[in-house]
$ cat final04.txt   # compact mmCIF, C-alpha atoms
# COMPACT_ATOMS: atom_id res chain seq x y z
CA MET A 28 -157.00 2.04 -75.33
CA GLN A 29 -158.50 1.68 -71.84
CA HIS A 30 -160.93 4.38 -70.76
CA SER A 31 -160.22 6.12 -67.48
CA THR A 32 -163.82 7.25 -66.93
CA VAL A 33 -167.16 5.50 -66.49
CA GLN A 34 -170.22 7.60 -67.28
CA ASP A 35 -173.92 6.86 -67.30
CA HIS A 36 -177.31 8.55 -67.20
CA LEU A 37 -179.62 7.40 -64.45
CA VAL A 38 -183.23 8.25 -63.80
CA MET A 39 -184.05 8.86 -60.15
CA ASN A 40 -187.17 10.01 -58.38
CA LEU A 41 -186.99 13.07 -56.17
CA VAL A 42 -189.50 12.41 -53.40
CA VAL A 43 -191.58 15.50 -52.75
CA SER A 44 -194.15 13.82 -50.48
CA HIS A 45 -195.62 10.35 -49.89
CA GLU A 46 -197.91 10.94 -52.86
CA LEU A 47 -195.63 12.87 -55.22
CA SER A 48 -192.20 12.33 -56.73
CA LEU A 49 -190.48 13.90 -59.72
CA ARG A 50 -188.40 11.96 -62.24
CA ILE A 51 -185.02 13.60 -62.69
CA MET A 52 -182.02 12.83 -64.85
CA VAL A 53 -178.73 12.19 -63.10
CA ASP A 54 -175.35 12.13 -64.81
CA ALA A 55 -173.16 9.62 -63.00
CA ALA A 56 -169.40 9.73 -63.45
CA TYR A 57 -166.42 7.84 -62.05
CA GLU A 58 -162.80 8.63 -62.83
CA ALA A 59 -159.85 6.32 -62.24
CA GLY A 60 -157.82 9.36 -61.13
CA ASP A 61 -160.18 9.78 -58.14
CA PRO A 62 -160.87 6.11 -57.43
CA TYR A 63 -162.86 6.50 -54.20
CA ALA A 64 -165.46 8.99 -55.47
CA VAL A 65 -168.53 8.89 -57.67
CA ARG A 66 -169.98 12.15 -58.99
CA PHE A 67 -173.73 12.56 -59.46
CA THR A 68 -175.02 15.67 -61.23
CA PHE A 69 -178.73 16.10 -60.61
CA HIS A 70 -180.74 17.94 -63.26
CA LEU A 71 -183.62 19.50 -61.35
CA PRO A 72 -186.54 21.05 -63.22
CA GLY A 73 -186.18 24.83 -63.42
CA ASN A 74 -182.86 24.92 -61.52
CA ALA A 75 -179.18 24.76 -62.34
CA PRO A 76 -177.68 21.26 -62.07
CA VAL A 77 -176.48 20.26 -58.61
CA THR A 78 -173.44 18.02 -58.14
CA TRP A 79 -172.74 15.77 -55.17
CA PHE A 80 -169.76 13.49 -54.63
CA PHE A 81 -170.31 10.11 -53.00
CA ALA A 82 -167.90 7.53 -51.68
CA ARG A 83 -168.14 4.60 -54.08
CA GLU A 84 -168.05 2.18 -51.15
CA LEU A 85 -170.99 3.97 -49.51
CA LEU A 86 -173.12 3.45 -52.62
CA LEU A 87 -172.09 -0.19 -52.87
CA ASP A 88 -172.89 -0.80 -49.20
CA GLY A 89 -176.20 1.06 -49.47
CA ILE A 90 -177.53 -1.26 -52.16
CA GLY A 91 -177.47 -4.14 -49.69
CA GLY A 92 -178.29 -2.42 -46.41
CA PRO A 93 -178.25 0.87 -44.51
CA ALA A 94 -175.03 2.85 -45.00
CA GLY A 95 -173.77 6.32 -44.30
CA GLU A 96 -173.72 8.91 -41.59
CA GLY A 97 -173.73 12.66 -41.58
CA ASP A 98 -174.98 14.29 -44.77
CA VAL A 99 -175.51 11.16 -46.90
CA HIS A 100 -177.46 7.99 -46.14
CA VAL A 101 -178.09 5.16 -48.62
CA ARG A 102 -180.21 2.05 -48.09
CA PRO A 103 -182.68 -0.25 -49.83
CA ASP A 104 -186.12 1.37 -49.98
CA ASP A 105 -188.48 -0.09 -47.36
CA ALA A 106 -191.52 0.17 -49.63
CA ASP A 107 -189.82 -1.21 -52.76
CA PRO A 108 -186.71 -3.42 -52.39
CA THR A 109 -185.91 -2.98 -56.11
CA GLU A 110 -185.05 0.64 -55.32
CA VAL A 111 -182.34 2.35 -53.30
CA ARG A 112 -183.17 5.35 -51.14
CA VAL A 113 -180.62 8.17 -50.99
CA VAL A 114 -181.04 10.89 -48.37
CA LEU A 115 -178.99 14.07 -48.79
CA ARG A 116 -178.83 16.60 -45.97
CA SER A 117 -177.71 20.18 -46.44
CA PRO A 118 -178.19 23.51 -44.67
CA ASP A 119 -180.94 24.22 -47.23
CA GLY A 120 -182.89 21.10 -46.25
CA ASP A 121 -183.06 17.39 -46.95
CA ALA A 122 -183.62 15.68 -50.28
CA VAL A 123 -184.84 12.11 -50.63
CA LEU A 124 -184.21 10.28 -53.88
CA ARG A 125 -185.06 6.80 -55.07
CA ALA A 126 -182.95 5.04 -57.68
CA PRO A 127 -183.47 1.67 -59.35
CA ALA A 128 -181.08 -0.69 -57.54
CA ALA A 129 -180.31 -2.58 -60.77
CA SER A 130 -179.24 0.58 -62.64
CA LEU A 131 -177.09 1.79 -59.79
CA ALA A 132 -175.53 -1.67 -59.34
CA ALA A 133 -174.78 -1.89 -63.09
CA PHE A 134 -173.03 1.50 -63.03
CA LEU A 135 -171.00 0.52 -59.96
CA ALA A 136 -170.07 -2.81 -61.56
CA ARG A 137 -168.60 -0.86 -64.49
CA THR A 138 -166.53 1.23 -62.04
CA ASP A 139 -165.29 -1.99 -60.46
CA ARG A 140 -164.10 -3.25 -63.84
CA LEU A 141 -162.13 -0.03 -64.30
CA VAL A 142 -160.70 0.06 -60.74
CA PRO A 143 -161.57 -2.96 -58.58
CA VAL A 144 -162.80 -2.13 -55.09
CA GLY A 145 -159.95 -2.59 -52.63
CA ARG A 146 -157.33 -2.00 -55.32
CA GLU A 147 -157.70 1.76 -55.65
CA LEU A 148 -154.03 2.34 -54.86
CA ASP A 149 -152.65 -0.52 -56.99
CA GLY A 150 -150.32 0.78 -59.67
CA ARG A 151 -149.77 4.01 -57.78
CA GLU A 152 -146.80 4.98 -55.73
CA LEU A 153 -148.00 5.12 -52.12
CA ASP A 154 -145.40 7.74 -51.20
CA ALA A 155 -146.60 9.98 -54.04
CA GLU A 156 -150.21 9.53 -52.92
CA LEU A 157 -149.32 10.50 -49.34
CA ALA A 158 -147.37 13.51 -50.59
CA ASN A 159 -150.45 14.67 -52.54
CA ILE A 160 -152.61 14.34 -49.44
CA LEU A 161 -150.13 16.24 -47.29
CA ARG A 162 -149.73 18.96 -49.94
CA GLY A 163 -153.52 19.37 -49.92
CA ARG A 164 -153.54 19.83 -46.15
CA GLU A 165 -150.76 22.43 -46.33
CA ASN A 166 -152.67 24.38 -48.97
CA ALA A 167 -155.90 24.20 -46.97
CA GLY A 168 -154.40 25.41 -43.73
$ encode --input "final04.txt" --output "structure tokens"
Amino acid sequence: MQHSTVQDHLVMNLVVSHELSLRIMVDAAYEAGDPYAVRFTFHLPGNAPVTWFFARELLLDGIGGPAGEGDVHVRPDDADPTEVRVVLRSPDGDAVLRAPAASLAAFLARTDRLVPVGRELDGRELDAELANILRGRENAG
């Protein structure tokens, strides 16, 4: 039986200042049913978990160079090239996280084995996919 989900636990550092960062656990999840998205649930000390969704391609691009615009930016860390820097912007403020590039790359490689990048729509009916998108727009508006 082939699994339709890839899950992992990552350790990231939440950068508080140049001198201080906190190690936090992050649950990473990828589902074949939503092949473009990766879900990270951040377990912050003393707070309820916070979940962000990332474009899988953004994370892949960010391992090798600067990627992203708007609320999410991912790039290799200038101070330590073995780490990836993730900047999250929200109305409540910005968060800067550092993740080991090797751990993130290993997780993303597992997602690629489940659904290869560029083949997210293979095995799906394109008309059905478009109908789902259009139905979503009708319900939103």
$ closest_atom_pairs --input "final04.txt" --of "stretch 33-112 of chain A" --to "stretch 123-126 of chain A" --cutoff "10 Å" --atoms "all atoms listed in the file" --output "Markdown table"
| residue | atom | partner | partner_atom | distance |
| --- | --- | --- | --- | --- |
| A:Leu37 | CA | A:Ala126 | CA | 7.9 |
| A:Val38 | CA | A:Ala126 | CA | 6.9 |
| A:Met39 | CA | A:Ala126 | CA | 4.7 |
| A:Asn40 | CA | A:Arg125 | CA | 5.1 |
| A:Leu41 | CA | A:Leu124 | CA | 4.6 |
| A:Val42 | CA | A:Val123 | CA | 5.4 |
| A:Val43 | CA | A:Val123 | CA | 7.8 |
| A:Ser44 | CA | A:Val123 | CA | 9.5 |
| A:Ser48 | CA | A:Leu124 | CA | 8.7 |
| A:Leu49 | CA | A:Leu124 | CA | 9.3 |
| A:Arg50 | CA | A:Arg125 | CA | 9.4 |
| A:Ile51 | CA | A:Leu124 | CA | 9.4 |
| A:Val53 | CA | A:Ala126 | CA | 9.9 |
| A:Ile90 | CA | A:Ala126 | CA | 10.0 |
| A:His100 | CA | A:Val123 | CA | 9.6 |
| A:Val101 | CA | A:Leu124 | CA | 9.6 |
| A:Arg102 | CA | A:Arg125 | CA | 9.7 |
| A:Pro103 | CA | A:Arg125 | CA | 9.1 |
| A:Asp104 | CA | A:Arg125 | CA | 7.5 |
| A:Asp107 | CA | A:Arg125 | CA | 9.6 |
| A:Thr109 | CA | A:Ala126 | CA | 8.7 |
| A:Glu110 | CA | A:Ala126 | CA | 5.4 |
| A:Val111 | CA | A:Ala126 | CA | 5.2 |
| A:Arg112 | CA | A:Arg125 | CA | 4.6 |
$ closest_residue --input "final04.txt" --among "A:Ser117, A:Thr78, A:Gln34, A:Thr68" --to "A:Ala133" --atoms "only C-alpha atoms"
A:Gln34
$ atom_distance --input "final04.txt" --atom1 "atom CA of A:Ala94" --atom2 "atom CA of A:Ala82"
10.8 Å
$ atom_distance --input "final04.txt" --atom1 "atom CA of A:Met52" --atom2 "atom CA of A:Asp119"
21.0 Å
$ atom_distance --input "final04.txt" --atom1 "atom CA of A:Thr138" --atom2 "atom CA of A:Ala59"
8.4 Å
$ axis_aligned_box --input "final04.txt" --around "stretch 62-77 of chain A" --padding-each-side "6 Å" --output "lines of an AutoDock Vina configuration file"
center_x = -173.7
center_y = 15.5
center_z = -58.8
size_x = 37.7
size_y = 30.8
size_z = 21.2
$ closest_residue --input "final04.txt" --among "A:Val142, A:Leu86, A:Ala132, A:Leu47" --to "A:Val65" --atoms "only C-alpha atoms"
A:Leu86
$ residues_around --input "final04.txt" --residues "A:Val144" --least-positions-apart "2" --cutoff "10 Å" --atoms "all atoms listed in the file" --output "ChimeraX atom specification"
/A:62-63,83-84,87,135-136,138-142,146-148
